[in-house]
>>> print(open('data-v6.pdb').read())   # PDB, C-alpha atoms and all ligand atoms
ATOM      1  CA  MET P  64       2.119 -24.833  -1.448
ATOM      2  CA  ASP P  65       2.718 -23.626   2.095
ATOM      3  CA  THR P  66      -0.569 -23.892   3.870
ATOM      4  CA  GLN P  67       0.368 -22.130   7.087
ATOM      5  CA  ILE P  68       3.222 -19.756   7.803
ATOM      6  CA  SER P  69       3.449 -18.456  11.366
ATOM      7  CA  TYR P  70       2.859 -14.797  12.070
ATOM      8  CA  ARG P  71       3.157 -12.528  15.090
ATOM      9  CA  ILE P  72       0.613  -9.885  16.083
ATOM     10  CA  LEU P  73       2.537  -6.753  17.028
ATOM     11  CA  PRO P  74       1.554  -4.749  20.147
ATOM     12  CA  VAL P  75       0.175  -1.637  18.445
ATOM     13  CA  ALA P  76      -3.168   0.176  18.424
ATOM     14  CA  LEU P  77      -5.805  -1.563  16.317
ATOM     15  CA  ALA P  78      -6.547   0.416  13.167
ATOM     16  CA  ASP P  79      -9.990   1.016  11.728
ATOM     17  CA  LEU P  80      -8.475   0.795   8.257
ATOM     18  CA  GLY P  81      -4.801  -0.110   8.526
ATOM     19  CA  GLU P  82      -3.062   0.281   5.161
ATOM     20  CA  GLY P  83      -0.060   1.423   3.190
ATOM     21  CA  PRO P  84       2.893  -0.239   4.975
ATOM     22  CA  VAL P  85       6.298   1.255   4.109
ATOM     23  CA  TRP P  86       9.652   0.055   5.422
ATOM     24  CA  ASP P  87      12.180   2.737   6.394
ATOM     25  CA  GLU P  88      15.591   1.065   6.300
ATOM     26  CA  GLN P  89      17.304   4.169   7.724
ATOM     27  CA  ARG P  90      15.439   3.930  11.021
ATOM     28  CA  ASN P  91      14.475   0.251  10.991
ATOM     29  CA  ARG P  92      10.831   1.120  11.312
ATOM     30  CA  LEU P  93       7.621   0.269   9.590
ATOM     31  CA  LEU P  94       5.240   3.111   8.823
ATOM     32  CA  TRP P  95       1.621   2.498   7.989
ATOM     33  CA  VAL P  96      -1.591   4.485   7.981
ATOM     34  CA  ASP P  97      -5.025   4.249   9.483
ATOM     35  CA  ILE P  98      -6.760   5.911   6.565
ATOM     36  CA  VAL P  99     -10.049   6.998   8.093
ATOM     37  CA  SER P 100      -8.592   8.390  11.308
ATOM     38  CA  GLY P 101      -5.762  10.207   9.507
ATOM     39  CA  ARG P 102      -3.151   8.455  11.565
ATOM     40  CA  VAL P 103       0.403   7.594  10.597
ATOM     41  CA  ASN P 104       1.738   4.723  12.708
ATOM     42  CA  GLN P 105       5.348   3.766  13.302
ATOM     43  CA  TRP P 106       6.733   0.483  14.588
ATOM     44  CA  TYR P 107      10.415   0.530  15.490
ATOM     45  CA  ALA P 108      11.582  -3.030  14.897
ATOM     46  CA  ASP P 109      14.771  -2.881  17.003
ATOM     47  CA  THR P 110      13.292  -1.361  20.141
ATOM     48  CA  GLU P 111       9.726  -2.633  19.614
ATOM     49  CA  GLU P 112       8.356   0.851  20.216
ATOM     50  CA  TYR P 113       5.108   2.083  18.736
ATOM     51  CA  GLU P 114       4.271   5.700  17.911
ATOM     52  CA  ALA P 115       1.361   7.373  16.153
ATOM     53  CA  VAL P 116       0.847  10.867  14.756
ATOM     54  CA  ASP P 117      -2.638  12.118  13.846
ATOM     55  CA  PHE P 118      -3.289  14.442  10.912
ATOM     56  CA  PRO P 119      -6.390  16.546  10.104
ATOM     57  CA  CYS P 120      -7.271  14.595   6.957
ATOM     58  CA  LYS P 121      -7.821  11.048   5.793
ATOM     59  CA  VAL P 122      -4.428   9.632   4.830
ATOM     60  CA  GLY P 123      -4.721   7.097   2.015
ATOM     61  CA  SER P 124      -1.037   6.390   1.642
ATOM     62  CA  ILE P 125       2.395   7.787   2.367
ATOM     63  CA  ALA P 126       5.908   7.657   0.979
ATOM     64  CA  LEU P 127       9.174   8.458   2.687
ATOM     65  CA  MET P 128      11.270  11.488   1.857
ATOM     66  CA  GLN P 129      14.844  12.147   2.940
ATOM     67  CA  THR P 130      13.872  13.681   6.266
ATOM     68  CA  ASN P 131      11.155  12.866   8.768
ATOM     69  CA  LYS P 132       8.681  14.355   6.314
ATOM     70  CA  LEU P 133       6.353  12.255   4.189
ATOM     71  CA  VAL P 134       4.534  12.829   0.961
ATOM     72  CA  ALA P 135       0.952  11.647   1.287
ATOM     73  CA  ALA P 136      -2.166  11.062  -0.771
ATOM     74  CA  THR P 137      -5.133  12.241   1.295
ATOM     75  CA  ASP P 138      -8.768  13.239   1.005
ATOM     76  CA  LYS P 139      -7.449  16.757   0.312
ATOM     77  CA  GLY P 140      -5.102  15.655  -2.471
ATOM     78  CA  PHE P 141      -1.333  15.392  -2.281
ATOM     79  CA  ALA P 142       0.296  16.854   0.808
ATOM     80  CA  PHE P 143       3.410  16.813   2.923
ATOM     81  CA  LEU P 144       3.100  15.440   6.431
ATOM     82  CA  ASN P 145       5.596  16.229   9.139
ATOM     83  CA  LEU P 146       6.044  13.469  11.684
ATOM     84  CA  GLU P 147       7.889  15.770  14.117
ATOM     85  CA  ASN P 148       5.082  18.284  14.624
ATOM     86  CA  GLY P 149       1.965  16.810  12.973
ATOM     87  CA  GLU P 150       1.942  19.557  10.326
ATOM     88  CA  PHE P 151      -0.084  19.079   7.142
ATOM     89  CA  ALA P 152       1.106  21.101   4.117
ATOM     90  CA  TYR P 153      -1.184  21.087   1.101
ATOM     91  CA  LEU P 154       0.503  20.468  -2.236
ATOM     92  CA  VAL P 155      -2.013  19.895  -5.039
ATOM     93  CA  ASP P 156      -5.349  18.144  -5.501
ATOM     94  CA  PRO P 157      -6.068  16.770  -8.978
ATOM     95  CA  GLU P 158      -9.537  15.727  -7.816
ATOM     96  CA  GLU P 159     -10.615  18.982  -6.241
ATOM     97  CA  GLY P 160     -14.374  19.244  -6.623
ATOM     98  CA  LYS P 161     -14.842  15.527  -7.284
ATOM     99  CA  LYS P 162     -17.410  14.893  -4.585
ATOM    100  CA  GLY P 163     -16.960  11.800  -2.465
ATOM    101  CA  ASN P 164     -13.533  10.918  -3.847
ATOM    102  CA  ARG P 165     -10.464  10.464  -1.731
ATOM    103  CA  PHE P 166      -6.984   9.194  -2.337
ATOM    104  CA  ASN P 167      -6.150   5.598  -1.510
ATOM    105  CA  ASP P 168      -3.055   3.437  -2.035
ATOM    106  CA  GLY P 169       0.199   4.957  -3.328
ATOM    107  CA  LYS P 170       3.882   4.162  -3.762
ATOM    108  CA  CYS P 171       7.099   5.655  -5.158
ATOM    109  CA  ASP P 172       8.807   4.375  -8.283
ATOM    110  CA  SER P 173      12.540   3.945  -8.853
ATOM    111  CA  GLN P 174      12.831   7.543 -10.084
ATOM    112  CA  GLY P 175      11.426   9.027  -6.882
ATOM    113  CA  ARG P 176       7.981   9.865  -8.278
ATOM    114  CA  PHE P 177       4.868   9.156  -6.181
ATOM    115  CA  TRP P 178       2.022   7.188  -7.775
ATOM    116  CA  ALA P 179      -1.334   7.253  -6.003
ATOM    117  CA  GLY P 180      -4.883   6.486  -6.966
ATOM    118  CA  SER P 181      -8.316   7.423  -5.742
ATOM    119  CA  LEU P 182     -11.691   5.878  -5.040
ATOM    120  CA  ASN P 183     -15.228   7.065  -4.539
ATOM    121  CA  GLU P 184     -16.323   6.535  -0.953
ATOM    122  CA  LYS P 185     -19.909   5.888  -2.022
ATOM    123  CA  GLY P 186     -18.717   3.130  -4.355
ATOM    124  CA  GLN P 187     -19.443   4.957  -7.600
ATOM    125  CA  LYS P 188     -17.824   2.928 -10.392
ATOM    126  CA  GLN P 189     -15.128   4.262 -12.705
ATOM    127  CA  ALA P 190     -15.141   7.639 -10.959
ATOM    128  CA  ALA P 191     -11.528   7.473  -9.830
ATOM    129  CA  ALA P 192      -8.064   7.450 -11.380
ATOM    130  CA  LEU P 193      -4.395   6.742 -10.860
ATOM    131  CA  TYR P 194      -2.037   9.727 -10.807
ATOM    132  CA  LEU P 195       1.672  10.377 -10.803
ATOM    133  CA  LEU P 196       3.164  13.192  -8.736
ATOM    134  CA  ASP P 197       6.626  14.026 -10.016
ATOM    135  CA  GLY P 198       9.501  15.636  -8.147
ATOM    136  CA  LYS P 199       8.471  19.107  -9.312
ATOM    137  CA  GLY P 200       5.003  18.734  -7.825
ATOM    138  CA  VAL P 201       3.359  18.252 -11.237
ATOM    139  CA  VAL P 202       0.520  15.718 -11.399
ATOM    140  CA  THR P 203      -0.296  13.562 -14.422
ATOM    141  CA  LYS P 204      -3.266  11.230 -14.744
ATOM    142  CA  LYS P 205      -1.993   7.769 -15.700
ATOM    143  CA  ILE P 206      -5.095   5.532 -15.651
ATOM    144  CA  ASP P 207      -8.642   6.818 -15.995
ATOM    145  CA  LYS P 208     -11.997   5.243 -15.107
ATOM    146  CA  VAL P 209     -10.677   3.367 -12.094
ATOM    147  CA  SER P 210     -13.229   2.253  -9.501
ATOM    148  CA  CYS P 211     -11.095   1.471  -6.468
ATOM    149  CA  SER P 212      -7.413   2.179  -7.009
ATOM    150  CA  ASN P 213      -5.284  -0.056  -4.844
ATOM    151  CA  GLY P 214      -2.026  -2.020  -4.828
ATOM    152  CA  MET P 215       0.880  -1.308  -7.119
ATOM    153  CA  ALA P 216       4.349  -2.748  -7.671
ATOM    154  CA  TRP P 217       7.223  -2.614 -10.127
ATOM    155  CA  SER P 218       9.096  -5.691 -11.330
ATOM    156  CA  PRO P 219      12.713  -6.112 -10.130
ATOM    157  CA  ASN P 220      14.007  -5.185 -13.605
ATOM    158  CA  ASP P 221      11.776  -2.069 -13.500
ATOM    159  CA  GLU P 222      10.192  -2.899 -16.861
ATOM    160  CA  THR P 223       6.721  -3.871 -15.662
ATOM    161  CA  PHE P 224       4.177  -2.012 -13.547
ATOM    162  CA  TYR P 225       1.484  -3.991 -11.734
ATOM    163  CA  PHE P 226      -1.768  -2.416 -10.616
ATOM    164  CA  ILE P 227      -4.929  -3.482  -8.792
ATOM    165  CA  ASP P 228      -8.382  -2.032  -9.316
ATOM    166  CA  THR P 229     -10.063  -3.927  -6.481
ATOM    167  CA  SER P 230     -13.578  -3.743  -7.909
ATOM    168  CA  ILE P 231     -12.760  -5.810 -10.982
ATOM    169  CA  ARG P 232     -10.713  -8.438  -9.076
ATOM    170  CA  GLN P 233      -7.879  -8.184 -11.563
ATOM    171  CA  ILE P 234      -4.161  -7.615 -11.319
ATOM    172  CA  VAL P 235      -3.069  -5.940 -14.512
ATOM    173  CA  ALA P 236       0.408  -5.354 -15.887
ATOM    174  CA  TYR P 237       1.760  -2.545 -18.057
ATOM    175  CA  ASP P 238       5.080  -2.095 -19.775
ATOM    176  CA  PHE P 239       6.915   0.552 -17.752
ATOM    177  CA  GLU P 240       9.390   3.091 -19.106
ATOM    178  CA  SER P 241      11.036   4.380 -15.971
ATOM    179  CA  GLY P 242      12.715   7.425 -17.500
ATOM    180  CA  ALA P 243       9.505   8.865 -18.861
ATOM    181  CA  GLY P 244       7.225   7.299 -16.257
ATOM    182  CA  ARG P 245       5.151   5.947 -19.114
ATOM    183  CA  ILE P 246       2.913   2.870 -18.915
ATOM    184  CA  SER P 247       1.495   1.023 -21.921
ATOM    185  CA  ASN P 248       0.333  -2.372 -23.198
ATOM    186  CA  ARG P 249      -2.190  -3.207 -20.476
ATOM    187  CA  ARG P 250      -2.888  -6.887 -19.915
ATOM    188  CA  ILE P 251      -4.531  -8.984 -17.193
ATOM    189  CA  VAL P 252      -2.063 -11.229 -15.339
ATOM    190  CA  ILE P 253      -4.140 -12.542 -12.425
ATOM    191  CA  GLU P 254      -7.894 -12.872 -11.953
ATOM    192  CA  VAL P 255      -8.907 -13.407  -8.346
ATOM    193  CA  ASP P 256     -11.587 -15.948  -7.605
ATOM    194  CA  PRO P 257     -14.437 -14.395  -5.561
ATOM    195  CA  ALA P 258     -13.889 -17.136  -2.946
ATOM    196  CA  ASP P 259     -10.427 -15.643  -2.281
ATOM    197  CA  GLY P 260     -11.805 -12.182  -1.501
ATOM    198  CA  LEU P 261     -10.914  -8.897  -3.180
ATOM    199  CA  PRO P 262      -7.327  -7.992  -4.123
ATOM    200  CA  ASP P 263      -6.235  -4.956  -2.088
ATOM    201  CA  GLY P 264      -2.646  -3.858  -1.447
ATOM    202  CA  MET P 265       0.416  -5.707  -2.719
ATOM    203  CA  THR P 266       4.160  -5.887  -2.795
ATOM    204  CA  ILE P 267       6.717  -7.696  -4.917
ATOM    205  CA  ASP P 268       9.712  -9.839  -3.981
ATOM    206  CA  ALA P 269      13.165 -10.050  -5.534
ATOM    207  CA  GLU P 270      12.046 -13.037  -7.617
ATOM    208  CA  GLY P 271       9.318 -10.920  -9.200
ATOM    209  CA  MET P 272       6.450 -12.657  -7.423
ATOM    210  CA  LEU P 273       3.501 -10.645  -6.117
ATOM    211  CA  TRP P 274       2.281 -10.804  -2.511
ATOM    212  CA  ILE P 275      -1.339  -9.707  -2.530
ATOM    213  CA  ALA P 276      -3.511  -8.900   0.498
ATOM    214  CA  LEU P 277      -7.063 -10.166   0.140
ATOM    215  CA  TRP P 278      -9.867  -8.064   1.605
ATOM    216  CA  GLY P 279     -12.508 -10.462   2.871
ATOM    217  CA  GLY P 280     -10.110 -13.300   2.055
ATOM    218  CA  TRP P 281      -8.371 -13.897   5.427
ATOM    219  CA  LYS P 282      -4.922 -14.132   3.812
ATOM    220  CA  VAL P 283      -2.008 -12.877   1.780
ATOM    221  CA  VAL P 284      -1.235 -14.926  -1.320
ATOM    222  CA  ARG P 285       2.039 -15.106  -3.224
ATOM    223  CA  TRP P 286       1.258 -15.218  -6.926
ATOM    224  CA  ASP P 287       3.354 -15.684 -10.042
ATOM    225  CA  PRO P 288       2.282 -12.906 -12.429
ATOM    226  CA  GLY P 289       3.941 -14.792 -15.287
ATOM    227  CA  THR P 290       1.719 -17.857 -15.010
ATOM    228  CA  GLY P 291      -1.161 -16.713 -12.772
ATOM    229  CA  GLU P 292      -0.270 -19.558 -10.418
ATOM    230  CA  LYS P 293      -0.710 -19.325  -6.635
ATOM    231  CA  LEU P 294       2.584 -20.189  -4.958
ATOM    232  CA  ALA P 295       1.992 -19.769  -1.231
ATOM    233  CA  GLU P 296      -0.421 -18.273   1.229
ATOM    234  CA  ILE P 297      -0.326 -16.767   4.687
ATOM    235  CA  ARG P 298      -3.601 -17.332   6.485
ATOM    236  CA  LEU P 299      -4.547 -14.764   9.109
ATOM    237  CA  PRO P 300      -7.142 -14.611  11.900
ATOM    238  CA  VAL P 301      -8.788 -11.543  10.348
ATOM    239  CA  SER P 302     -10.949 -11.260   7.258
ATOM    240  CA  GLN P 303     -10.049  -7.724   6.110
ATOM    241  CA  VAL P 304      -6.403  -8.103   5.112
ATOM    242  CA  THR P 305      -5.409  -4.854   3.434
ATOM    243  CA  SER P 306      -1.751  -4.667   2.393
ATOM    244  CA  CYS P 307       1.767  -5.932   2.957
ATOM    245  CA  ALA P 308       5.391  -4.815   2.661
ATOM    246  CA  PHE P 309       8.769  -6.396   3.224
ATOM    247  CA  GLY P 310      10.987  -5.017   5.974
ATOM    248  CA  GLY P 311      13.735  -5.934   8.391
ATOM    249  CA  ALA P 312      17.506  -5.781   7.955
ATOM    250  CA  ASP P 313      17.427  -8.443   5.233
ATOM    251  CA  LEU P 314      14.066  -7.334   3.813
ATOM    252  CA  ASN P 315      12.680 -10.813   4.431
ATOM    253  CA  ASP P 316      10.110  -9.996   7.102
ATOM    254  CA  LEU P 317       6.644  -9.428   5.703
ATOM    255  CA  TYR P 318       4.510  -6.844   7.511
ATOM    256  CA  ILE P 319       0.769  -7.165   6.948
ATOM    257  CA  THR P 320      -1.929  -4.591   7.736
ATOM    258  CA  SER P 321      -5.612  -5.207   8.391
ATOM    259  CA  ALA P 322      -8.882  -3.445   9.122
ATOM    260  CA  LYS P 323     -11.897  -3.651  11.397
ATOM    261  CA  ILE P 324     -14.015  -1.085   9.596
ATOM    262  CA  GLY P 325     -17.327  -2.388   8.329
ATOM    263  CA  LEU P 326     -17.325  -5.531  10.457
ATOM    264  CA  THR P 327     -20.494  -6.233  12.437
ATOM    265  CA  ALA P 328     -20.309  -6.381  16.240
ATOM    266  CA  GLU P 329     -20.478 -10.141  15.986
ATOM    267  CA  GLU P 330     -17.638 -10.282  13.449
ATOM    268  CA  ARG P 331     -15.513  -8.045  15.677
ATOM    269  CA  ARG P 332     -16.030 -10.407  18.599
ATOM    270  CA  ALA P 333     -14.982 -13.313  16.382
ATOM    271  CA  GLN P 334     -11.931 -11.383  15.092
ATOM    272  CA  PRO P 335     -10.373  -9.633  18.083
ATOM    273  CA  ALA P 336      -7.183  -9.081  16.064
ATOM    274  CA  ALA P 337      -8.938  -7.155  13.280
ATOM    275  CA  GLY P 338      -6.994  -3.950  12.641
ATOM    276  CA  SER P 339      -3.712  -5.485  13.800
ATOM    277  CA  LEU P 340      -0.296  -5.209  12.273
ATOM    278  CA  PHE P 341       1.167  -8.673  11.673
ATOM    279  CA  VAL P 342       4.701  -9.732  10.859
ATOM    280  CA  VAL P 343       5.976 -12.958   9.324
ATOM    281  CA  LYS P 344       9.698 -13.215  10.020
ATOM    282  CA  ASN P 345      12.513 -14.683   7.961
ATOM    283  CA  LEU P 346      10.790 -15.690   4.774
ATOM    284  CA  SER P 347      12.917 -17.491   2.205
ATOM    285  CA  VAL P 348      12.579 -14.585  -0.225
ATOM    286  CA  SER P 349      13.348 -10.894   0.204
ATOM    287  CA  GLY P 350      11.498  -7.820  -0.910
ATOM    288  CA  MET P 351      12.717  -4.825  -2.863
ATOM    289  CA  ALA P 352      14.174  -1.716  -1.222
ATOM    290  CA  THR P 353      11.698   1.084  -0.536
ATOM    291  CA  ASN P 354      11.749   3.972  -2.994
ATOM    292  CA  ARG P 355      11.623   7.500  -1.591
ATOM    293  CA  TYR P 356      10.005  10.627  -2.982
ATOM    294  CA  VAL P 357      12.678  12.921  -4.405
ATOM    295  CA  MET P 358      12.080  16.663  -4.829
ATOM    296  CA  GLN P 359      13.766  17.913  -7.969
ATOM    297  CA  ASP P 360      14.446  21.403  -6.696
ATOM    298  CA  GLY P 361      17.032  20.007  -4.292
ATOM    299  CA  SER P 362      14.955  20.545  -1.149
ATOM    300  CA  VAL P 363      13.947  17.742   1.137
TER     301      VAL P 363
HETATM  302 CA    CA S   1      -6.036  -0.602   0.004
END
>>> encode(input="data-v6.pdb", output="structure tokens", more="lines below")
Ligand code: CA
Amino acid sequence: MDTQISYRILPVALADLGEGPVWDEQRNRLLWVDIVSGRVNQWYADTEEYEAVDFPCKVGSIALMQTNKLVAATDKGFAFLNLENGEFAYLVDPEEGKKGNRFNDGKCDSQGRFWAGSLNEKGQKQAAALYLLDGKGVVTKKIDKVSCSNGMAWSPNDETFYFIDTSIRQIVAYDFESGAGRISNRRIVIEVDPADGLPDGMTIDAEGMLWIALWGGWKVVRWDPGTGEKLAEIRLPVSQVTSCAFGGADLNDLYITSAKIGLTAEERRAQPAAGSLFVVKNLSVSGMATNRYVMQDGSV
């Protein structure tokens, strides 16, 4: 097992709760959110420029569309965000009236649908869910009684969906029918030892292995969901490692987000890089191309 892979800390603003990294291959940029401050960050890999746009809501996750617009899962439900002018356009909120809930991690599937789940900010168990927003703007609940909806990924052959409910420390798999967007046959594929922290965001590589960020675990671990075996780890100088995504021209650079929220003053002094965006360049495996949200009425 690799015990140490070198990383670079990128020169961007530290996030309170950095999350949801998404690679945009059209503009060679990484987008990620700072959930609690409603900020969408952009790192342009070629020019090494950093930009941020602030929105009037908490932004749990985002997905690319065809233009400079994003679909987002927020504390006001699903919305469109415009990176050109900072505009927030409300779409639909399946959890309207659910006090204390907000949307969290989300990602698009191969058919251009956006999957995003929620959590209860007061930590109420099983009060959240995972939803699918299709290209017509219709929302379907896919998993009920979730506590803290987090990372998701689809296998390279698109037949398996992986999902993390952080609170139960499990990575579960479902059979995935991409045409219908149906999931079935739930089973546990990885159980995370408490000493490794809590599983948060994740991504998958072209070999079908999961890269899982560990909140409170100081690392990202590459896991084999077929055997439950740990294959490699990237140790980081921050405890709250939140998510990761492959990017770069060859999709073999791993971008990793982190948080400083909830750390004591002493912990923040000990972890000056908390909230950073990290990159590990030129890994020996590549990630999967980013899926975009596709509107079915032909608009973008
Ligand atoms: Ca997360």
>>> resolve_selection(input="data-v6.pdb", expression="the PyMOL selection byres (((chain P and resi 170) around 8) and not hetatm)", output="mmCIF file with C-alpha atoms, in the frame of the given file")
data_model
loop_
_atom_site.group_PDB
_atom_site.id
_atom_site.type_symbol
_atom_site.label_atom_id
_atom_site.label_comp_id
_atom_site.auth_asym_id
_atom_site.auth_seq_id
_atom_site.Cartn_x
_atom_site.Cartn_y
_atom_site.Cartn_z
ATOM 1 C CA SER P 124 -1.037 6.390 1.642
ATOM 2 C CA ILE P 125 2.395 7.787 2.367
ATOM 3 C CA ALA P 126 5.908 7.657 0.979
ATOM 4 C CA ASP P 168 -3.055 3.437 -2.035
ATOM 5 C CA GLY P 169 0.199 4.957 -3.328
ATOM 6 C CA CYS P 171 7.099 5.655 -5.158
ATOM 7 C CA ASP P 172 8.807 4.375 -8.283
ATOM 8 C CA PHE P 177 4.868 9.156 -6.181
ATOM 9 C CA TRP P 178 2.022 7.188 -7.775
ATOM 10 C CA ALA P 179 -1.334 7.253 -6.003
ATOM 11 C CA MET P 215 0.880 -1.308 -7.119
ATOM 12 C CA ALA P 216 4.349 -2.748 -7.671
ATOM 13 C CA ASN P 354 11.749 3.972 -2.994
#
>>> resolve_selection(input="data-v6.pdb", expression="the PyMOL selection byres (((chain P and resi 345) around 7) and not hetatm)", output="list in words")
Asn315, Asp316, Val343, Lys344, Leu346 and Ser347 of chain P
>>> atom_distance(input="data-v6.pdb", atom1="CA of Tyr318 (chain P)", atom2="CA of Val342 (chain P)")
4.4 Å
>>> axis_aligned_box(input="data-v6.pdb", around="region 141-157 of chain P", padding_each_side="5 Å", output="JSON")
{"center_x": 0.9, "center_y": 17.3, "center_z": 2.8, "size_x": 24.0, "size_y": 17.6, "size_z": 33.6}
>>> residues_around(input="data-v6.pdb", residues="Ile319 (chain P)", least_positions_apart="4", cutoff="6 Å", atoms="only C-alpha atoms", output="PDB file with C-alpha atoms, keeping the file's coordinate frame")
ATOM      1  CA  SER P 306      -1.751  -4.667   2.393  1.00  0.00           C
ATOM      2  CA  CYS P 307       1.767  -5.932   2.957  1.00  0.00           C
ATOM      3  CA  LEU P 340      -0.296  -5.209  12.273  1.00  0.00           C
ATOM      4  CA  PHE P 341       1.167  -8.673  11.673  1.00  0.00           C
TER       5      PHE P 341
END
>>> closest_residue(input="data-v6.pdb", among="P:Gly160, P:Gly350, P:Gly244, P:Pro119", to="Leu314 (chain P)", atoms="all atoms listed in the file")
P:Gly350
>>> closest_residue(input="data-v6.pdb", among="P:Phe166, P:Tyr237, P:Trp86, P:Tyr70", to="ligand CA 1 (chain S)", atoms="only C-alpha atoms and all ligand atoms")
P:Phe166
